[in-house]
>>> print(open('target05.cif').read())   # mmCIF, C-alpha atoms
data_upload
#
loop_
_atom_site.label_atom_id
_atom_site.label_comp_id
_atom_site.auth_asym_id
_atom_site.auth_seq_id
_atom_site.Cartn_x
_atom_site.Cartn_y
_atom_site.Cartn_z
CA MET C 1 -13.00 3.49 -22.78
CA ASN C 2 -10.43 6.12 -21.76
CA ILE C 3 -8.86 5.68 -18.33
CA LEU C 4 -6.52 7.95 -16.36
CA ILE C 5 -4.40 6.83 -13.40
CA VAL C 6 -3.20 9.56 -11.05
CA LYS C 7 -0.32 8.37 -8.87
CA LEU C 8 2.29 11.08 -8.56
CA SER C 9 4.98 9.77 -6.23
CA SER C 10 7.07 8.52 -4.53
CA LEU C 11 9.28 5.73 -5.89
CA GLY C 12 7.86 2.91 -3.76
CA ASP C 13 4.27 4.17 -4.08
CA VAL C 14 4.47 4.26 -7.87
CA LEU C 15 5.99 0.76 -7.99
CA HIS C 16 3.28 -0.67 -5.75
CA ASN C 17 0.62 0.88 -8.00
CA LEU C 18 1.85 -0.87 -11.18
CA PRO C 19 -0.44 -3.92 -10.79
CA VAL C 20 -3.51 -1.76 -11.44
CA VAL C 21 -2.42 -1.44 -15.09
CA TRP C 22 -2.65 -5.22 -15.48
CA ASP C 23 -6.01 -5.34 -13.68
CA LEU C 24 -7.41 -2.62 -15.95
CA ARG C 25 -6.07 -4.33 -19.08
CA ALA C 26 -7.67 -7.63 -18.07
CA GLN C 27 -11.06 -5.90 -17.97
CA TYR C 28 -10.56 -3.41 -20.81
CA PRO C 29 -7.99 -4.86 -23.24
CA GLU C 30 -8.53 -2.15 -25.87
CA ALA C 31 -8.86 0.86 -23.56
CA GLN C 32 -6.72 3.99 -23.67
CA ILE C 33 -4.82 3.99 -20.35
CA ASP C 34 -2.83 7.08 -19.34
CA TRP C 35 -0.92 7.90 -16.12
CA VAL C 36 -0.01 11.23 -14.46
CA VAL C 37 3.27 10.95 -12.52
CA GLU C 38 5.99 13.22 -11.15
CA GLU C 39 8.67 13.81 -13.78
CA GLY C 40 11.35 12.07 -11.69
CA TYR C 41 9.46 8.76 -11.82
CA VAL C 42 8.56 8.63 -15.51
CA HIS C 43 11.20 5.94 -16.08
CA LEU C 44 9.37 3.60 -13.69
CA LEU C 45 6.44 3.55 -16.12
CA GLN C 46 8.28 3.34 -19.43
CA PRO C 47 8.69 -0.48 -19.35
CA LEU C 48 4.89 -0.70 -19.34
CA LEU C 49 4.33 1.52 -22.38
CA SER C 50 2.17 -0.08 -25.07
CA ARG C 51 3.92 -1.39 -28.18
CA HIS C 52 3.07 -3.63 -31.11
CA ASP C 53 3.20 -6.84 -29.02
CA PHE C 54 2.10 -5.51 -25.62
CA LYS C 55 -0.74 -3.37 -24.27
CA GLY C 56 0.01 -1.43 -21.10
CA ILE C 57 0.19 2.33 -20.57
CA ASP C 58 -0.58 4.35 -23.69
CA ARG C 59 0.48 7.78 -22.49
CA ILE C 60 2.63 9.01 -19.60
CA ILE C 61 1.77 12.57 -18.52
CA PRO C 62 4.67 14.07 -16.52
CA ILE C 63 4.01 16.65 -13.84
CA ALA C 64 6.68 18.70 -12.03
CA MET C 65 4.73 19.80 -8.97
CA ARG C 66 7.76 19.49 -6.67
CA ARG C 67 9.85 21.70 -8.94
CA TRP C 68 7.11 24.16 -9.91
CA LYS C 69 6.18 25.10 -6.35
CA LYS C 70 9.72 26.43 -5.84
CA SER C 71 9.33 28.96 -8.69
CA LEU C 72 5.60 29.39 -9.15
CA TRP C 73 5.83 32.93 -10.57
CA ASN C 74 8.64 32.14 -12.99
CA LYS C 75 7.71 32.55 -16.67
CA ASN C 76 9.06 29.12 -17.63
CA THR C 77 7.08 27.52 -14.81
CA ARG C 78 3.87 29.12 -16.05
CA LEU C 79 4.58 27.91 -19.58
CA GLU C 80 5.21 24.37 -18.33
CA LEU C 81 2.01 24.46 -16.27
CA SER C 82 0.04 25.55 -19.32
CA ALA C 83 1.56 22.74 -21.39
CA PHE C 84 0.72 20.23 -18.66
CA PHE C 85 -2.95 21.27 -18.56
CA LEU C 86 -3.21 21.02 -22.35
CA ASN C 87 -1.66 17.55 -22.20
CA LEU C 88 -3.92 16.47 -19.34
CA ARG C 89 -7.07 17.65 -21.11
CA ALA C 90 -6.19 16.31 -24.56
CA ILE C 91 -8.45 13.27 -23.97
CA ARG C 92 -11.91 12.97 -22.45
CA TYR C 93 -11.79 10.29 -19.74
CA ASP C 94 -14.49 7.82 -18.74
CA MET C 95 -12.67 6.69 -15.60
CA VAL C 96 -10.13 8.48 -13.39
CA ILE C 97 -8.42 6.55 -10.61
CA GLU C 98 -6.53 8.14 -7.72
CA THR C 99 -5.10 5.73 -5.15
CA GLN C 100 -2.99 8.11 -3.05
CA GLY C 101 -5.65 9.91 -1.02
CA LEU C 102 -3.78 13.22 -1.12
CA LEU C 103 -5.37 16.56 -1.92
CA LYS C 104 -2.86 17.50 -4.64
CA ALA C 105 -3.56 14.26 -6.52
CA ALA C 106 -7.33 14.50 -5.98
CA LEU C 107 -7.33 18.04 -7.39
CA ILE C 108 -5.75 16.78 -10.62
CA THR C 109 -8.63 14.34 -11.09
CA ARG C 110 -11.06 17.27 -11.25
CA LEU C 111 -8.92 19.20 -13.73
CA THR C 112 -9.37 16.45 -16.34
CA LYS C 113 -11.84 16.55 -19.21
CA ARG C 114 -14.42 13.83 -18.52
CA SER C 115 -17.30 12.16 -20.33
CA HIS C 116 -20.89 12.29 -19.09
CA GLY C 117 -21.35 9.80 -16.23
CA SER C 118 -17.60 9.35 -15.76
CA VAL C 119 -16.20 7.81 -12.58
CA ILE C 120 -13.57 9.39 -10.35
CA ALA C 121 -12.54 6.73 -7.85
CA GLY C 122 -10.41 7.31 -4.77
CA LEU C 123 -9.89 6.33 -1.17
CA ALA C 124 -12.70 6.92 1.33
CA ASN C 125 -10.56 6.31 4.39
CA ALA C 126 -7.02 6.19 5.70
CA THR C 127 -5.03 3.04 6.20
CA GLU C 128 -2.63 2.60 9.11
CA ASP C 129 0.71 4.40 8.80
CA SER C 130 -0.13 6.08 5.51
CA GLY C 131 -0.52 9.68 4.45
CA TYR C 132 -4.16 10.59 3.83
CA GLU C 133 -6.05 13.88 3.56
CA PRO C 134 -9.81 13.52 4.16
CA MET C 135 -10.68 16.54 1.98
CA SER C 136 -9.56 14.55 -1.06
CA ARG C 137 -12.88 12.66 -0.90
CA TRP C 138 -14.71 15.78 -2.07
CA PHE C 139 -13.18 15.35 -5.51
CA TYR C 140 -14.31 11.75 -6.12
CA THR C 141 -17.59 10.43 -7.46
CA LYS C 142 -16.91 6.98 -5.99
CA CYS C 143 -15.22 6.70 -2.59
CA VAL C 144 -13.76 3.29 -1.82
CA HIS C 145 -13.44 1.97 1.72
CA VAL C 146 -10.42 -0.29 2.20
CA PRO C 147 -9.27 -2.21 5.29
CA LYS C 148 -7.28 -0.02 7.66
CA HIS C 149 -4.62 -2.74 7.77
CA CYS C 150 -4.01 -3.07 4.04
CA HIS C 151 -0.90 -3.66 1.93
CA ALA C 152 -0.03 -0.80 -0.45
CA VAL C 153 -0.44 -3.04 -3.52
CA ASP C 154 -3.76 -4.45 -2.35
CA ARG C 155 -5.14 -1.02 -1.50
CA SER C 156 -4.65 0.25 -5.05
CA ARG C 157 -6.08 -2.91 -6.59
CA LEU C 158 -9.18 -2.68 -4.39
CA VAL C 159 -9.86 0.90 -5.49
CA VAL C 160 -9.57 -0.14 -9.15
CA ALA C 161 -11.85 -3.16 -8.68
CA VAL C 162 -14.59 -0.93 -7.25
CA ALA C 163 -14.06 1.63 -10.02
CA MET C 164 -14.54 -1.13 -12.63
CA ASN C 165 -17.53 -2.51 -10.72
CA VAL C 166 -16.03 -6.01 -10.64
CA ILE C 167 -15.58 -8.51 -7.83
CA GLN C 168 -12.66 -7.51 -5.66
CA PRO C 169 -9.70 -9.86 -6.22
CA ASP C 170 -8.65 -12.35 -3.57
CA MET C 171 -5.19 -11.00 -2.80
CA LYS C 172 -3.97 -14.41 -1.59
CA THR C 173 -4.66 -16.10 -4.93
CA SER C 174 -4.62 -13.20 -7.42
CA GLN C 175 -0.91 -12.42 -7.50
CA PRO C 176 0.04 -8.88 -8.59
CA GLN C 177 1.95 -8.30 -11.82
CA PHE C 178 4.46 -5.50 -12.22
CA TYR C 179 6.68 -5.58 -15.34
CA PRO C 180 6.64 -7.91 -18.36
CA GLN C 181 8.62 -11.10 -17.65
CA THR C 182 11.11 -10.53 -20.45
CA PHE C 183 11.97 -7.03 -19.21
CA VAL C 184 14.19 -8.04 -16.27
CA GLN C 185 15.88 -10.82 -18.23
CA GLN C 186 16.98 -8.36 -20.89
CA LEU C 187 18.15 -5.81 -18.31
CA ALA C 188 20.53 -8.18 -16.52
CA GLN C 189 22.75 -8.30 -19.59
CA LYS C 190 23.28 -4.51 -19.48
CA SER C 191 24.67 -4.09 -15.93
CA SER C 192 28.26 -4.69 -17.00
CA ASP C 193 27.92 -1.93 -19.61
CA ILE C 194 27.52 0.66 -16.84
CA SER C 195 30.80 -0.13 -15.05
CA GLU C 196 33.34 -2.92 -14.68
CA GLN C 197 32.40 -2.90 -10.99
CA PHE C 198 29.28 -4.84 -11.97
CA THR C 199 31.02 -7.64 -13.86
CA GLN C 200 31.74 -10.14 -11.08
CA PRO C 201 29.01 -11.62 -8.83
CA TYR C 202 27.85 -8.76 -6.62
CA VAL C 203 25.36 -8.03 -3.85
CA LEU C 204 23.74 -4.61 -3.41
CA PHE C 205 23.46 -3.01 0.04
CA PHE C 206 20.74 -0.33 0.11
CA HIS C 207 21.52 0.94 3.59
CA ALA C 208 20.23 4.49 3.15
CA THR C 209 16.77 5.84 3.89
CA ALA C 210 15.48 9.31 4.71
CA ARG C 211 14.28 8.52 8.22
CA ALA C 212 17.05 7.68 10.67
CA SER C 213 14.87 5.28 12.66
CA LYS C 214 14.45 3.10 9.54
CA GLN C 215 18.20 2.61 9.17
CA TRP C 216 19.95 -0.59 10.24
CA ASP C 217 23.02 -0.35 12.49
CA GLU C 218 26.28 0.17 10.59
CA SER C 219 28.01 -2.58 12.56
CA HIS C 220 25.36 -5.02 11.30
CA TRP C 221 26.04 -4.05 7.68
CA VAL C 222 29.75 -4.63 8.24
CA GLU C 223 29.17 -8.09 9.70
CA VAL C 224 26.87 -9.09 6.84
CA GLY C 225 29.27 -7.55 4.33
CA LYS C 226 32.17 -9.64 5.62
CA PHE C 227 30.02 -12.75 5.30
CA ILE C 228 29.12 -11.89 1.69
CA SER C 229 32.75 -11.12 0.86
CA ALA C 230 33.88 -14.45 2.28
CA GLN C 231 31.56 -16.15 -0.25
CA GLY C 232 33.56 -14.61 -3.09
CA LYS C 233 30.97 -11.94 -3.93
CA ARG C 234 31.54 -8.20 -4.21
CA VAL C 235 29.51 -5.88 -1.97
CA ILE C 236 28.26 -2.74 -3.72
CA LEU C 237 27.36 0.23 -1.50
CA PRO C 238 25.22 2.75 -3.46
CA TRP C 239 24.38 6.22 -2.16
CA GLY C 240 22.09 9.10 -3.09
CA ASN C 241 23.60 12.17 -1.40
CA ALA C 242 26.79 13.34 0.32
CA LYS C 243 25.77 12.07 3.76
CA GLU C 244 24.86 8.63 2.41
CA LYS C 245 28.13 8.50 0.48
CA GLN C 246 30.05 9.04 3.74
CA VAL C 247 28.24 6.07 5.26
CA SER C 248 29.05 3.92 2.23
CA GLN C 249 32.70 4.92 2.46
CA ARG C 250 32.84 4.06 6.17
CA LEU C 251 31.30 0.66 5.53
CA SER C 252 33.57 0.00 2.56
CA LYS C 253 36.70 0.48 4.68
CA LYS C 254 35.57 -2.41 6.87
CA ILE C 255 34.17 -4.78 4.21
CA PRO C 256 36.90 -6.53 2.16
CA GLY C 257 36.64 -6.00 -1.60
CA SER C 258 33.56 -3.78 -1.36
CA VAL C 259 32.95 -0.88 -3.74
CA VAL C 260 31.39 2.56 -3.40
CA PRO C 261 30.18 3.19 -6.98
CA GLU C 262 29.69 6.45 -8.79
CA ALA C 263 26.21 7.93 -8.50
CA PHE C 264 23.81 6.26 -10.91
CA SER C 265 20.46 7.27 -12.33
CA LEU C 266 17.13 5.60 -11.71
CA GLU C 267 17.29 4.31 -15.28
CA GLN C 268 20.67 2.68 -14.58
CA ALA C 269 19.36 1.26 -11.28
CA PHE C 270 17.12 -1.12 -13.23
CA SER C 271 20.09 -2.81 -14.90
CA ILE C 272 22.28 -2.73 -11.78
CA ILE C 273 19.59 -4.43 -9.70
CA ALA C 274 18.78 -6.90 -12.47
CA GLY C 275 22.44 -7.94 -12.66
CA ALA C 276 22.88 -8.45 -8.91
CA GLN C 277 22.88 -11.88 -7.29
CA MET C 278 20.99 -10.37 -4.37
CA THR C 279 19.75 -7.08 -2.94
CA ILE C 280 19.77 -6.44 0.80
CA GLY C 281 18.13 -3.21 1.87
CA VAL C 282 16.03 -1.30 4.34
CA ASP C 283 12.47 -0.12 3.67
CA THR C 284 13.26 2.20 0.76
CA GLY C 285 12.29 2.59 -2.89
CA LEU C 286 15.24 0.81 -4.52
CA THR C 287 14.81 -2.21 -2.25
CA HIS C 288 11.17 -2.37 -3.35
CA LEU C 289 12.29 -2.07 -6.97
CA SER C 290 14.39 -5.22 -6.50
CA ALA C 291 11.40 -7.01 -4.97
CA ILE C 292 8.96 -6.09 -7.74
CA MET C 293 11.53 -7.25 -10.29
CA TYR C 294 11.37 -10.66 -8.55
CA LYS C 295 15.08 -10.53 -7.73
CA PRO C 296 16.51 -12.30 -4.65
CA THR C 297 15.81 -9.64 -2.02
CA ILE C 298 16.19 -9.31 1.74
CA GLU C 299 13.95 -6.51 3.03
CA ILE C 300 14.98 -5.19 6.45
CA TYR C 301 12.32 -3.35 8.46
CA CYS C 302 13.58 -1.40 11.46
CA ASP C 303 10.86 1.13 12.23
CA SER C 304 8.07 0.77 9.69
CA PRO C 305 5.21 -1.73 9.40
CA ARG C 306 6.31 -4.76 7.43
CA TRP C 307 2.76 -5.69 6.37
CA LYS C 308 2.37 -2.41 4.50
CA THR C 309 5.02 -2.91 1.79
CA GLU C 310 6.61 -6.36 2.20
CA GLY C 311 7.15 -8.37 -0.96
CA TYR C 312 4.75 -11.30 -0.67
CA TRP C 313 4.66 -12.34 -4.33
CA SER C 314 7.87 -14.36 -4.64
CA ALA C 315 9.78 -16.98 -2.68
CA ASN C 316 12.91 -15.02 -3.66
CA ILE C 317 11.92 -12.27 -1.20
CA LYS C 318 12.53 -12.48 2.54
CA ASN C 319 11.00 -9.83 4.83
CA LEU C 320 12.60 -9.35 8.25
CA GLY C 321 11.93 -7.06 11.21
CA ASP C 322 9.04 -4.71 11.91
CA THR C 323 8.16 -1.42 13.57
CA ALA C 324 10.64 -0.75 16.39
CA SER C 325 11.88 -4.34 15.98
CA PRO C 326 14.89 -4.54 13.64
CA PRO C 327 16.19 -8.03 12.87
CA ASP C 328 19.50 -9.21 14.31
CA VAL C 329 22.47 -10.19 12.16
CA LYS C 330 21.99 -13.91 12.73
CA LEU C 331 18.48 -13.78 11.27
CA VAL C 332 19.65 -11.84 8.21
CA LEU C 333 22.55 -14.24 7.56
CA ALA C 334 20.19 -17.22 7.71
CA ALA C 335 17.85 -15.49 5.25
CA ILE C 336 20.74 -14.80 2.86
CA VAL C 337 21.73 -18.46 2.79
CA GLU C 338 18.12 -19.56 2.28
CA VAL C 339 17.31 -17.09 -0.52
CA LEU C 340 20.58 -17.68 -2.37
CA ARG C 341 20.14 -21.43 -2.23
CA ARG C 342 16.57 -21.16 -3.46
CA SER C 343 17.39 -18.75 -6.29
CA LEU C 344 20.40 -20.74 -7.51
CA SER C 345 18.47 -24.02 -7.46
CA GLY C 346 15.52 -22.41 -9.24
#
>>> encode(input="target05.cif", output="structure tokens")
Amino acid sequence: MNILIVKLSSLGDVLHNLPVVWDLRAQYPEAQIDWVVEEGYVHLLQPLLSRHDFKGIDRIIPIAMRRWKKSLWNKNTRLELSAFFLNLRAIRYDMVIETQGLLKAALITRLTKRSHGSVIAGLANATEDSGYEPMSRWFYTKCVHVPKHCHAVDRSRLVVAVAMNVIQPDMKTSQPQFYPQTFVQQLAQKSSDISEQFTQPYVLFFHATARASKQWDESHWVEVGKFISAQGKRVILPWGNAKEKQVSQRLSKKIPGSVVPEAFSLEQAFSIIAGAQMTIGVDTGLTHLSAIMYKPTIEIYCDSPRWKTEGYWSANIKNLGDTASPPDVKLVLAAIVEVLRRSLSG
């Protein structure tokens, strides 16, 4: 059995699709499982690569669609496209799974080399507050209807269950798996190697997100930061671009002992998050990374549906706020005390 997963982006979407690898392995322990993903997110999949003592993803197939469309007629782009198609069609697949419901991803499923009677499974309908392009259904051989009010993790797992023709898992009892248990434990020891800023107990503030309405008020971050600092912990204020860096610098001036670190890569983010005592962040990819690593995490929802991406798989995760209903500082402070106490006692 050869299986291909097509989930291109973005950071949070790829993370919430990881449990399908475990579901597929449970049903097909000896299968060849490959994954097509945007080049910027390859590192998210590497911890799940198969090795002598673990069976996960056998082959990661990078695609650079975001970069290629900016220089489609460039000679190097055409060469890279040709290499991608050769890589994609190197194996004949029996099952192709696309859980994004977008035309660009659905098109890739049809470009694969497939066995006779192969299955291409994808979404038959949209879910609330998610991107979906109805024309993508034309490319599937099996269209899967999912509840319109459906968590991102559950949606992917339901599509895979139908593709495998097995009983759909009870999401309340069948907890999702993301990375091998030993992976995070090993990472935590590497955070201090990145910078001395990550040597004392620290808490990460992921305050930045692309949509302004999803951001939490700066005065709230300052108040929470002062509380964290008073507990003898260092507040770390990461950033991803110049505008976000300015926000981090403004917050740092008002939070005693806080640090605005140098820019770090996605690969380094794994170790930095693993070494933190807690992550507090808005609805953004790095906050979700903390949650799927089972780290103590406070997820703050200001203008996005909490049910869609909240971390429900660990008591170390606290989800606060909802669409157009950001949590107040008092609620966040109470959650910090509760999660820290639970994680330290556990």
>>> resolve_selection(input="target05.cif", expression="the PyMOL selection byres ((chain C and resi 217) around 10)", output="MDAnalysis selection string")
chainID C and resid 207 213:216 218:222 302 326 328:329
>>> resolve_selection(input="target05.cif", expression="the PyMOL selection byres ((chain C and resi 151) around 12)", output="NGL selection string")
:C and (13 or 16-17 or 127-130 or 146-150 or 152-158 or 171-172 or 176 or 305-312)
>>> atom_distance(input="target05.cif", atom1="CA of Ile60 in chain C", atom2="CA of Asp34 in chain C")
5.8 Å
>>> atom_distance(input="target05.cif", atom1="CA of Tyr294 in chain C", atom2="CA of Leu102 in chain C")
29.2 Å
>>> atom_distance(input="target05.cif", atom1="CA of Asn165 in chain C", atom2="CA of Gln27 in chain C")
10.3 Å
>>> closest_atom_pairs(input="target05.cif", of="range 281-317 of chain C", to="range 43-58 of chain C", cutoff="12 Å", atoms="all atoms listed in the file", output="CSV")
residue,atom,partner,partner_atom,distance
C:Gly285,CA,C:Leu44,CA,11.2
C:Leu286,CA,C:Leu44,CA,11.2
C:Leu289,CA,C:Leu44,CA,9.3
C:Ile292,CA,C:Leu44,CA,11.4
C:Met293,CA,C:Leu44,CA,11.6
>>> closest_residue(input="target05.cif", among="C:Arg92, C:Lys104, C:Lys253, C:Arg114", to="Arg137 in chain C", atoms="all atoms listed in the file")
C:Lys104
>>> residues_around(input="target05.cif", residues="Gly40 in chain C", least_positions_apart="6", cutoff="9 Å", atoms="all atoms listed in the file", output="count of residues only")
6
>>> closest_residue(input="target05.cif", among="C:Ala121, C:Leu24, C:Val282, C:Ile255", to="Arg211 in chain C", atoms="all atoms listed in the file")
C:Val282
>>> residues_near_point(input="target05.cif", point="(29.8, -12.4, 4.1)", cutoff="12 Å", atoms="only C-alpha atoms", output="MDAnalysis selection string")
chainID C and resid 202:203 220:235 254:258 329:330 332:334 336:337
